[in-house]
Amino acid sequence: MLVNYFWAPICQDNLMWPKRRPKDSTEQSFPITGIARVDYRTKNLTKRLNAGEVAVIDHEDLDLVSAEALVECRPAVVLNAARSTSGKYPNLGPVILNEAGICLIDDLGPAVMDIAENTPLVVNADGEVSVNGEVVASGSVQTTETIEANRELAKAGMPEQLKSFATNTMEYVEREQDLILDGMNMPQVRTKFNGKHALIVVRGYRYKDDLAALRGYIREYKPIMIGVDGGADAILEAGLPLDMIVGDMDSVSDKALKSGAEIVVHAYRDGRAPGKHRVEELGVEHVIFPATGTSEDIAMLLADDKGASLIVALGTHSTLIEFFDKGRRGMASTFLTRLQVGSKLIDAKGVSQLYRSRVSNWQIAFLLIAGIVVLVAALAATDAGQILFQLVGVWFSDITLWFNNLF
């Protein structure tokens with residue numbers, strides 16, 4: 001049963017990720033030129049990467065969220081020192097880049113990371129990277145065919161990965177179940193959850209679309225808005241109020257930390273809190289929450305413990321591919337958290353897909369025109385309406401005469 005639970009998302013891959021006609025990287029004209037932006041952490045690179053520049057990364061098994069962030073920056077080409085698909089699982093990052101028409105050069109080796117920031121680069125059709133006419137690295141240009149071939153090979157190894165994942169999950173459950181089943185030492189927070197809805201935003205798959213789709217719900221119910229690390233910036237970028245930030249503070253901006261939202265720093269179980277130093281440097285008030293599991297897990301547990309009547313999770317990780325993308329060896333903490341939170345939890349993932357294109361713009365326009373026609377016909381059938389049309393006709397004639405007199 002546990003294996004079926006994990007395997008179902010893989011079997012439904014085509015349902016989860018509708019296929020679009022991909023652009024092939026070979027359709028781009030070579031050579032590709034641009035200045036280099038170099039970083040071992042892709043999420044840090046995207047903060048300073050501009051359109052037309054060359055993204056130089058070292059990211060094995062490029063995940064979907066990182067790929068989407070790269071696509072938003074619109075680089076000329078992405079150079080990866082590592083293999084974008086190692087064969088462990090069929091990751092979706094290369095697919096996203098290919099569909100966006102962004103060329104991906106794979107497996108360039110560690111030498112490409114020695115390229116200095118702002119160095120002008122030239123990339124040719126053979127995957128060679130040159131600086132001042134000298135080839136400094138050579139990799140494989142990824143096309144639709146190579147990406148799909150790599151994913152098919154990765155799918156073949158999934159059963160073994162699945163068994164390991166399930167084993168790690170069960171070991172974690174046995175070792176850490178007391179943390180949830182026997183309760184946790186929740187911190188005291190100033191945010192009042194009692195009887196309110198809580199919306200937890202994580203920068204996960206399609207989080208922007210889902211957040212936009214929930215605007216009506218946010219406007220009506222005014223939930224407590226909780227950003228998990230970079231999810232705090234997503235809330236602010238959407239022009240929405242931010243009430244709380246939960247996480248280890250490694251991917252949230254200073255702007256969000258200084259926004260006035262309550263800050264809960266996620267610490268290790270032994271009390272070590274890597275994010276504590278940063279918030280102390282900024283001089284912002286905060287509380288420490290030592291707990292195992294992910295920051296999104298403890299955000300749910302905190303909202304539940306403080307009396308939230310409903311918890312809406314947006315962008316959180318729940319499928320096997322997402323957990324592999326995140327580098328998780330198991331999902332026990334999330335599994336236990338969702339059992340604990342129970343019926344309060346609603347997953348907003350894919351809500352934008354559910355409602356997208358239900359009513360198109362031309363249908364709305366047709367409905368508006370039809371309504372106007374019906375209104376005009378109804379007025380024409382009454383004496384008052386006929387008088388109104390006569391007055392409008394006289395007014396229109398006066399306007400026409402005034403324009404004629406001008407010329």
# chains A, B, ... in the order shown; residues from 1 in each chain; ligands from 1
>>> select_by_dssp(residues="range 93-129 of chain A", states="alpha helix (DSSP H)", output="PDB file with all heavy atoms, in the first residue's frame")
ATOM      1  N   GLY A  93      13.356  19.651 -14.524  1.00  0.00           N
ATOM      2  CA  GLY A  93      14.009  20.922 -14.817  1.00  0.00           C
ATOM      3  C   GLY A  93      14.431  21.095 -16.267  1.00  0.00           C
ATOM      4  O   GLY A  93      14.109  22.116 -16.896  1.00  0.00           O
ATOM      5  N   PRO A  94      15.150  20.126 -16.857  1.00  0.00           N
ATOM      6  CA  PRO A  94      15.550  20.277 -18.260  1.00  0.00           C
ATOM      7  C   PRO A  94      14.359  20.414 -19.209  1.00  0.00           C
ATOM      8  O   PRO A  94      14.452  21.129 -20.211  1.00  0.00           O
ATOM      9  CB  PRO A  94      16.331  18.982 -18.530  1.00  0.00           C
ATOM     10  CG  PRO A  94      16.845  18.559 -17.190  1.00  0.00           C
ATOM     11  CD  PRO A  94      15.758  18.933 -16.232  1.00  0.00           C
ATOM     12  N   VAL A  95      13.267  19.745 -18.901  1.00  0.00           N
ATOM     13  CA  VAL A  95      12.068  19.850 -19.744  1.00  0.00           C
ATOM     14  C   VAL A  95      11.556  21.285 -19.755  1.00  0.00           C
ATOM     15  O   VAL A  95      11.193  21.828 -20.807  1.00  0.00           O
ATOM     16  CB  VAL A  95      10.969  18.894 -19.236  1.00  0.00           C
ATOM     17  CG1 VAL A  95       9.703  19.042 -20.073  1.00  0.00           C
ATOM     18  CG2 VAL A  95      11.458  17.451 -19.263  1.00  0.00           C
ATOM     19  N   ILE A  96      11.518  21.905 -18.578  1.00  0.00           N
ATOM     20  CA  ILE A  96      11.014  23.277 -18.466  1.00  0.00           C
ATOM     21  C   ILE A  96      11.883  24.239 -19.264  1.00  0.00           C
ATOM     22  O   ILE A  96      11.370  25.102 -19.998  1.00  0.00           O
ATOM     23  CB  ILE A  96      10.961  23.702 -16.986  1.00  0.00           C
ATOM     24  CG1 ILE A  96       9.956  22.831 -16.212  1.00  0.00           C
ATOM     25  CG2 ILE A  96      10.583  25.174 -16.863  1.00  0.00           C
ATOM     26  CD1 ILE A  96       8.556  22.888 -16.739  1.00  0.00           C
ATOM     27  N   LEU A  97      13.187  24.115 -19.162  1.00  0.00           N
ATOM     28  CA  LEU A  97      14.074  24.993 -19.926  1.00  0.00           C
ATOM     29  C   LEU A  97      13.891  24.786 -21.425  1.00  0.00           C
ATOM     30  O   LEU A  97      13.844  25.747 -22.204  1.00  0.00           O
ATOM     31  CB  LEU A  97      15.538  24.729 -19.545  1.00  0.00           C
ATOM     32  CG  LEU A  97      15.996  25.160 -18.150  1.00  0.00           C
ATOM     33  CD1 LEU A  97      17.462  24.809 -17.955  1.00  0.00           C
ATOM     34  CD2 LEU A  97      15.780  26.653 -17.945  1.00  0.00           C
ATOM     35  N   ASN A  98      13.769  23.537 -21.844  1.00  0.00           N
ATOM     36  CA  ASN A  98      13.621  23.236 -23.260  1.00  0.00           C
ATOM     37  C   ASN A  98      12.313  23.788 -23.813  1.00  0.00           C
ATOM     38  O   ASN A  98      12.273  24.341 -24.916  1.00  0.00           O
ATOM     39  CB  ASN A  98      13.679  21.719 -23.456  1.00  0.00           C
ATOM     40  CG  ASN A  98      13.820  21.332 -24.921  1.00  0.00           C
ATOM     41  OD1 ASN A  98      14.665  21.881 -25.623  1.00  0.00           O
ATOM     42  ND2 ASN A  98      13.010  20.402 -25.377  1.00  0.00           N
ATOM     43  N   GLU A  99      11.240  23.656 -23.035  1.00  0.00           N
ATOM     44  CA  GLU A  99       9.948  24.178 -23.487  1.00  0.00           C
ATOM     45  C   GLU A  99       9.961  25.696 -23.600  1.00  0.00           C
ATOM     46  O   GLU A  99       9.226  26.269 -24.399  1.00  0.00           O
ATOM     47  CB  GLU A  99       8.844  23.735 -22.518  1.00  0.00           C
ATOM     48  CG  GLU A  99       8.504  22.253 -22.615  1.00  0.00           C
ATOM     49  CD  GLU A  99       7.397  21.864 -21.659  1.00  0.00           C
ATOM     50  OE1 GLU A  99       7.111  22.648 -20.729  1.00  0.00           O
ATOM     51  OE2 GLU A  99       6.827  20.775 -21.835  1.00  0.00           O
TER      52      GLU A  99
END
>>> closest_residue(among="A:Ala82, A:Ile369, A:Ile224, A:Ala76", to="Gly307 in chain A", atoms="only C-alpha atoms")
A:Ile224
>>> atom_distance(atom1="CA of Val394 in chain A", atom2="CA of Leu367 in chain A")
29.4 Å
>>> select_by_dssp(residues="range 95-244 of chain A", states="strand (DSSP E or B)", output="mmCIF file with all heavy atoms, in the first residue's frame")
data_model
loop_
_atom_site.group_PDB
_atom_site.id
_atom_site.type_symbol
_atom_site.label_atom_id
_atom_site.label_comp_id
_atom_site.auth_asym_id
_atom_site.auth_seq_id
_atom_site.Cartn_x
_atom_site.Cartn_y
_atom_site.Cartn_z
ATOM 1 N N CYS A 103 18.517 27.297 -24.220
ATOM 2 C CA CYS A 103 19.515 26.258 -24.475
ATOM 3 C C CYS A 103 20.179 25.827 -23.173
ATOM 4 O O CYS A 103 20.559 26.662 -22.339
ATOM 5 C CB CYS A 103 20.559 26.784 -25.455
ATOM 6 S SG CYS A 103 21.818 25.562 -25.908
ATOM 7 N N LEU A 104 20.338 24.518 -23.009
ATOM 8 C CA LEU A 104 20.992 23.947 -21.831
ATOM 9 C C LEU A 104 22.203 23.133 -22.291
ATOM 10 O O LEU A 104 22.067 22.212 -23.091
ATOM 11 C CB LEU A 104 20.009 23.053 -21.069
ATOM 12 C CG LEU A 104 20.578 22.211 -19.918
ATOM 13 C CD1 LEU A 104 21.121 23.103 -18.806
ATOM 14 C CD2 LEU A 104 19.506 21.259 -19.378
ATOM 15 N N ILE A 105 23.373 23.494 -21.776
ATOM 16 C CA ILE A 105 24.595 22.744 -22.040
ATOM 17 C C ILE A 105 24.935 21.975 -20.765
ATOM 18 O O ILE A 105 25.087 22.572 -19.697
ATOM 19 C CB ILE A 105 25.778 23.650 -22.429
ATOM 20 C CG1 ILE A 105 25.356 24.654 -23.510
ATOM 21 C CG2 ILE A 105 26.952 22.806 -22.888
ATOM 22 C CD1 ILE A 105 25.024 24.063 -24.830
ATOM 23 N N ASP A 106 25.065 20.672 -20.892
ATOM 24 C CA ASP A 106 25.140 19.785 -19.733
ATOM 25 C C ASP A 106 26.536 19.212 -19.522
ATOM 26 O O ASP A 106 27.311 19.069 -20.475
ATOM 27 C CB ASP A 106 24.160 18.627 -19.961
ATOM 28 C CG ASP A 106 23.426 18.252 -18.694
ATOM 29 O OD1 ASP A 106 23.342 19.085 -17.792
ATOM 30 O OD2 ASP A 106 22.926 17.110 -18.634
ATOM 31 N N PRO A 120 32.865 37.819 -20.533
ATOM 32 C CA PRO A 120 32.131 37.554 -21.786
ATOM 33 C C PRO A 120 32.403 36.127 -22.266
ATOM 34 O O PRO A 120 33.568 35.703 -22.351
ATOM 35 C CB PRO A 120 32.708 38.586 -22.764
ATOM 36 C CG PRO A 120 33.348 39.625 -21.896
ATOM 37 C CD PRO A 120 33.844 38.908 -20.686
ATOM 38 N N LEU A 121 31.345 35.408 -22.596
ATOM 39 C CA LEU A 121 31.467 34.018 -23.029
ATOM 40 C C LEU A 121 30.911 33.844 -24.432
ATOM 41 O O LEU A 121 30.000 34.567 -24.849
ATOM 42 C CB LEU A 121 30.715 33.087 -22.077
ATOM 43 C CG LEU A 121 31.137 33.073 -20.607
ATOM 44 C CD1 LEU A 121 30.266 32.077 -19.825
ATOM 45 C CD2 LEU A 121 32.601 32.717 -20.464
ATOM 46 N N VAL A 122 31.440 32.840 -25.124
ATOM 47 C CA VAL A 122 30.922 32.445 -26.431
ATOM 48 C C VAL A 122 30.660 30.941 -26.383
ATOM 49 O O VAL A 122 31.544 30.168 -26.003
ATOM 50 C CB VAL A 122 31.909 32.767 -27.567
ATOM 51 C CG1 VAL A 122 31.343 32.299 -28.908
ATOM 52 C CG2 VAL A 122 32.216 34.260 -27.606
ATOM 53 N N VAL A 123 29.452 30.532 -26.738
ATOM 54 C CA VAL A 123 29.075 29.119 -26.726
ATOM 55 C C VAL A 123 28.720 28.712 -28.152
ATOM 56 O O VAL A 123 27.874 29.339 -28.793
ATOM 57 C CB VAL A 123 27.865 28.869 -25.802
ATOM 58 C CG1 VAL A 123 27.516 27.386 -25.768
ATOM 59 C CG2 VAL A 123 28.149 29.393 -24.396
ATOM 60 N N GLU A 128 30.861 23.891 -26.813
ATOM 61 C CA GLU A 128 32.129 24.401 -26.319
ATOM 62 C C GLU A 128 31.965 25.835 -25.821
ATOM 63 O O GLU A 128 31.318 26.662 -26.473
ATOM 64 C CB GLU A 128 33.186 24.355 -27.421
ATOM 65 C CG GLU A 128 33.566 22.943 -27.845
ATOM 66 C CD GLU A 128 34.605 22.930 -28.939
ATOM 67 O OE1 GLU A 128 34.727 23.943 -29.675
ATOM 68 O OE2 GLU A 128 35.290 21.903 -29.088
ATOM 69 N N VAL A 129 32.559 26.109 -24.664
ATOM 70 C CA VAL A 129 32.495 27.431 -24.048
ATOM 71 C C VAL A 129 33.868 28.079 -24.159
ATOM 72 O O VAL A 129 34.880 27.508 -23.719
ATOM 73 C CB VAL A 129 32.081 27.333 -22.568
ATOM 74 C CG1 VAL A 129 31.986 28.722 -21.943
ATOM 75 C CG2 VAL A 129 30.758 26.591 -22.433
ATOM 76 N N SER A 130 33.903 29.275 -24.745
ATOM 77 C CA SER A 130 35.182 29.947 -24.990
ATOM 78 C C SER A 130 35.250 31.285 -24.271
ATOM 79 O O SER A 130 34.247 31.999 -24.150
ATOM 80 C CB SER A 130 35.384 30.181 -26.489
ATOM 81 O OG SER A 130 35.377 28.946 -27.190
ATOM 82 N N VAL A 131 36.457 31.590 -23.784
ATOM 83 C CA VAL A 131 36.764 32.893 -23.191
ATOM 84 C C VAL A 131 37.959 33.464 -23.945
ATOM 85 O O VAL A 131 39.031 32.834 -23.999
ATOM 86 C CB VAL A 131 37.085 32.761 -21.689
ATOM 87 C CG1 VAL A 131 37.486 34.118 -21.122
ATOM 88 C CG2 VAL A 131 35.903 32.193 -20.927
ATOM 89 N N GLU A 134 39.608 31.107 -26.375
ATOM 90 C CA GLU A 134 40.149 29.850 -25.855
ATOM 91 C C GLU A 134 39.028 29.012 -25.246
ATOM 92 O O GLU A 134 38.245 29.503 -24.429
ATOM 93 C CB GLU A 134 41.214 30.129 -24.791
ATOM 94 C CG GLU A 134 41.819 28.871 -24.201
ATOM 95 C CD GLU A 134 42.827 29.173 -23.104
ATOM 96 O OE1 GLU A 134 43.172 30.364 -22.925
ATOM 97 O OE2 GLU A 134 43.272 28.221 -22.420
ATOM 98 N N VAL A 135 38.934 27.740 -25.653
ATOM 99 C CA VAL A 135 37.909 26.841 -25.121
ATOM 100 C C VAL A 135 38.270 26.461 -23.688
ATOM 101 O O VAL A 135 39.348 25.914 -23.432
ATOM 102 C CB VAL A 135 37.786 25.568 -25.991
ATOM 103 C CG1 VAL A 135 36.788 24.602 -25.368
ATOM 104 C CG2 VAL A 135 37.362 25.931 -27.410
ATOM 105 N N VAL A 136 37.369 26.761 -22.738
ATOM 106 C CA VAL A 136 37.629 26.481 -21.328
ATOM 107 C C VAL A 136 36.799 25.305 -20.806
ATOM 108 O O VAL A 136 37.105 24.749 -19.749
ATOM 109 C CB VAL A 136 37.348 27.726 -20.463
ATOM 110 C CG1 VAL A 136 38.299 28.854 -20.818
ATOM 111 C CG2 VAL A 136 35.896 28.181 -20.605
ATOM 112 N N ALA A 137 35.767 24.930 -21.536
ATOM 113 C CA ALA A 137 34.929 23.797 -21.114
ATOM 114 C C ALA A 137 34.132 23.304 -22.303
ATOM 115 O O ALA A 137 33.869 24.047 -23.253
ATOM 116 C CB ALA A 137 34.002 24.201 -19.973
ATOM 117 N N SER A 138 33.758 22.026 -22.250
ATOM 118 C CA SER A 138 32.976 21.431 -23.332
ATOM 119 C C SER A 138 31.949 20.475 -22.740
ATOM 120 O O SER A 138 32.281 19.668 -21.865
ATOM 121 C CB SER A 138 33.878 20.684 -24.306
ATOM 122 O OG SER A 138 33.120 20.105 -25.358
ATOM 123 N N SER A 140 27.542 18.817 -23.371
ATOM 124 C CA SER A 140 26.570 18.271 -24.318
ATOM 125 C C SER A 140 25.372 19.205 -24.435
ATOM 126 O O SER A 140 24.746 19.551 -23.424
ATOM 127 C CB SER A 140 26.081 16.892 -23.845
ATOM 128 O OG SER A 140 27.170 16.009 -23.663
ATOM 129 N N VAL A 141 25.056 19.604 -25.653
ATOM 130 C CA VAL A 141 23.862 20.413 -25.896
ATOM 131 C C VAL A 141 22.637 19.528 -25.732
ATOM 132 O O VAL A 141 22.508 18.503 -26.403
ATOM 133 C CB VAL A 141 23.893 21.033 -27.306
ATOM 134 C CG1 VAL A 141 22.617 21.825 -27.556
ATOM 135 C CG2 VAL A 141 25.123 21.914 -27.474
ATOM 136 N N GLN A 142 21.731 19.923 -24.834
ATOM 137 C CA GLN A 142 20.533 19.131 -24.565
ATOM 138 C C GLN A 142 19.406 19.519 -25.526
ATOM 139 O O GLN A 142 19.086 20.702 -25.667
ATOM 140 C CB GLN A 142 20.081 19.320 -23.119
ATOM 141 C CG GLN A 142 21.079 18.815 -22.099
ATOM 142 C CD GLN A 142 21.363 17.334 -22.271
ATOM 143 O OE1 GLN A 142 20.472 16.495 -22.140
ATOM 144 N NE2 GLN A 142 22.617 17.005 -22.563
ATOM 145 N N HIS A 197 -8.606 31.354 9.181
ATOM 146 C CA HIS A 197 -7.938 30.532 8.176
ATOM 147 C C HIS A 197 -6.467 30.928 8.122
ATOM 148 O O HIS A 197 -6.103 32.079 8.404
ATOM 149 C CB HIS A 197 -8.558 30.741 6.795
ATOM 150 C CG HIS A 197 -9.933 30.183 6.666
ATOM 151 N ND1 HIS A 197 -10.558 30.027 5.434
ATOM 152 C CD2 HIS A 197 -10.821 29.738 7.585
ATOM 153 C CE1 HIS A 197 -11.758 29.512 5.615
ATOM 154 N NE2 HIS A 197 -11.946 29.342 6.915
ATOM 155 N N ALA A 198 -5.616 29.983 7.750
ATOM 156 C CA ALA A 198 -4.185 30.260 7.556
ATOM 157 C C ALA A 198 -3.785 29.786 6.166
ATOM 158 O O ALA A 198 -4.083 28.658 5.784
ATOM 159 C CB ALA A 198 -3.353 29.549 8.619
ATOM 160 N N LEU A 199 -3.138 30.666 5.414
ATOM 161 C CA LEU A 199 -2.647 30.323 4.074
ATOM 162 C C LEU A 199 -1.124 30.264 4.122
ATOM 163 O O LEU A 199 -0.457 31.274 4.370
ATOM 164 C CB LEU A 199 -3.105 31.353 3.044
ATOM 165 C CG LEU A 199 -2.593 31.163 1.607
ATOM 166 C CD1 LEU A 199 -3.003 29.813 1.056
ATOM 167 C CD2 LEU A 199 -3.092 32.283 0.693
ATOM 168 N N ILE A 200 -0.574 29.059 3.920
ATOM 169 C CA ILE A 200 0.868 28.838 3.977
ATOM 170 C C ILE A 200 1.410 28.781 2.553
ATOM 171 O O ILE A 200 1.001 27.936 1.762
ATOM 172 C CB ILE A 200 1.190 27.536 4.734
ATOM 173 C CG1 ILE A 200 0.686 27.639 6.180
ATOM 174 C CG2 ILE A 200 2.681 27.241 4.704
ATOM 175 C CD1 ILE A 200 0.785 26.345 6.955
ATOM 176 N N VAL A 201 2.319 29.700 2.230
ATOM 177 C CA VAL A 201 2.829 29.824 0.869
ATOM 178 C C VAL A 201 4.291 29.378 0.822
ATOM 179 O O VAL A 201 5.138 29.915 1.531
ATOM 180 C CB VAL A 201 2.711 31.272 0.354
ATOM 181 C CG1 VAL A 201 3.299 31.385 -1.055
ATOM 182 C CG2 VAL A 201 1.252 31.715 0.359
ATOM 183 N N VAL A 202 4.560 28.372 -0.010
ATOM 184 C CA VAL A 202 5.910 27.875 -0.260
ATOM 185 C C VAL A 202 6.218 28.110 -1.731
ATOM 186 O O VAL A 202 5.341 27.983 -2.583
ATOM 187 C CB VAL A 202 6.014 26.366 0.069
ATOM 188 C CG1 VAL A 202 7.421 25.853 -0.183
ATOM 189 C CG2 VAL A 202 5.589 26.114 1.503
ATOM 190 N N ILE A 224 -4.671 34.345 7.676
ATOM 191 C CA ILE A 224 -3.333 34.662 8.140
ATOM 192 C C ILE A 224 -2.359 34.225 7.044
ATOM 193 O O ILE A 224 -2.334 33.067 6.658
ATOM 194 C CB ILE A 224 -3.006 33.917 9.450
ATOM 195 C CG1 ILE A 224 -4.028 34.256 10.532
ATOM 196 C CG2 ILE A 224 -1.585 34.233 9.903
ATOM 197 C CD1 ILE A 224 -4.023 35.697 10.961
ATOM 198 N N MET A 225 -1.565 35.157 6.543
ATOM 199 C CA MET A 225 -0.662 34.879 5.428
ATOM 200 C C MET A 225 0.720 34.518 5.972
ATOM 201 O O MET A 225 1.406 35.356 6.567
ATOM 202 C CB MET A 225 -0.566 36.084 4.494
ATOM 203 C CG MET A 225 -1.897 36.525 3.903
ATOM 204 S SD MET A 225 -2.583 35.308 2.737
ATOM 205 C CE MET A 225 -1.428 35.448 1.385
ATOM 206 N N ILE A 226 1.124 33.261 5.745
ATOM 207 C CA ILE A 226 2.408 32.751 6.246
ATOM 208 C C ILE A 226 3.303 32.414 5.063
ATOM 209 O O ILE A 226 2.936 31.599 4.208
ATOM 210 C CB ILE A 226 2.209 31.497 7.107
ATOM 211 C CG1 ILE A 226 1.217 31.769 8.241
ATOM 212 C CG2 ILE A 226 3.535 31.012 7.671
ATOM 213 C CD1 ILE A 226 0.848 30.537 9.025
ATOM 214 N N GLY A 227 4.475 33.016 5.008
ATOM 215 C CA GLY A 227 5.448 32.702 3.971
ATOM 216 C C GLY A 227 6.531 31.810 4.523
ATOM 217 O O GLY A 227 7.122 32.118 5.561
ATOM 218 N N VAL A 228 6.775 30.690 3.865
ATOM 219 C CA VAL A 228 7.867 29.796 4.257
ATOM 220 C C VAL A 228 9.097 30.187 3.450
ATOM 221 O O VAL A 228 9.137 29.996 2.231
ATOM 222 C CB VAL A 228 7.485 28.324 4.018
ATOM 223 C CG1 VAL A 228 8.656 27.420 4.361
ATOM 224 C CG2 VAL A 228 6.264 27.941 4.848
ATOM 225 N N MET A 244 3.365 36.429 8.734
ATOM 226 C CA MET A 244 4.365 35.625 9.426
ATOM 227 C C MET A 244 5.336 35.009 8.423
ATOM 228 O O MET A 244 4.942 34.644 7.310
ATOM 229 C CB MET A 244 3.684 34.520 10.248
ATOM 230 C CG MET A 244 4.641 33.596 10.996
ATOM 231 S SD MET A 244 3.772 32.343 11.991
ATOM 232 C CE MET A 244 3.234 33.352 13.382
#
>>> atom_distance(atom1="CA of Asn185 in chain A", atom2="CA of His317 in chain A")
24.3 Å
>>> closest_residue(among="A:Ser333, A:Thr146, A:Ser295, A:Thr167", to="Val264 in chain A", atoms="only C-alpha atoms")
A:Ser295
>>> residues_around(residues="Leu301 in chain A", least_positions_apart="6", cutoff="8 Å", atoms="only C-alpha atoms", output="JSON list (two decimals) with all heavy atoms, in the first residue's frame")
[["chain", "number", "residue", "atom", "x", "y", "z"],
["A", 337, "THR", "N", 2.93, 15.03, 9.71],
["A", 337, "THR", "CA", 2.31, 16.34, 9.86],
["A", 337, "THR", "C", 0.91, 16.36, 9.29],
["A", 337, "THR", "O", -0.03, 16.87, 9.89],
["A", 337, "THR", "CB", 3.17, 17.41, 9.16],
["A", 337, "THR", "OG1", 4.45, 17.48, 9.81],
["A", 337, "THR", "CG2", 2.51, 18.77, 9.23],
["A", 340, "GLN", "N", -1.43, 14.61, 11.48],
["A", 340, "GLN", "CA", -1.74, 15.38, 12.67],
["A", 340, "GLN", "C", -2.72, 16.51, 12.37],
["A", 340, "GLN", "O", -3.67, 16.74, 13.11],
["A", 340, "GLN", "CB", -0.44, 15.96, 13.25],
["A", 340, "GLN", "CG", -0.62, 16.90, 14.43],
["A", 340, "GLN", "CD", -1.02, 16.19, 15.70],
["A", 340, "GLN", "OE1", -1.00, 14.96, 15.75],
["A", 340, "GLN", "NE2", -1.39, 16.95, 16.71],
["A", 341, "VAL", "N", -2.49, 17.24, 11.30],
["A", 341, "VAL", "CA", -3.34, 18.38, 10.96],
["A", 341, "VAL", "C", -4.72, 17.92, 10.52],
["A", 341, "VAL", "O", -5.73, 18.56, 10.80],
["A", 341, "VAL", "CB", -2.65, 19.23, 9.87],
["A", 341, "VAL", "CG1", -3.56, 20.34, 9.40],
["A", 341, "VAL", "CG2", -1.35, 19.80, 10.39]]
>>> residues_around(residues="Lys349 in chain A", least_positions_apart="6", cutoff="9 Å", atoms="only C-alpha atoms", output="NGL selection string")
:A and (204-207 or 210 or 313-316)
>>> residues_around(residues="Val77 in chain A", least_positions_apart="4", cutoff="10 Å", atoms="only C-alpha atoms", output="list in words")
Ser25, Gln28, Ile32, Thr33, Gly34, Ala36, Ala51, Gly52, Glu53, Val54, Ala55, Val56, Leu70, Leu97, Gly101, Ile102, Cys103, Leu104, Ile105 and Val123 of chain A
>>> atom_distance(atom1="CA of Phe289 in chain A", atom2="CA of His266 in chain A")
5.1 Å
>>> closest_residue(among="A:Ile321, A:Asp305, A:Phe403, A:Phe193", to="Phe165 in chain A", atoms="only C-alpha atoms")
A:Ile321
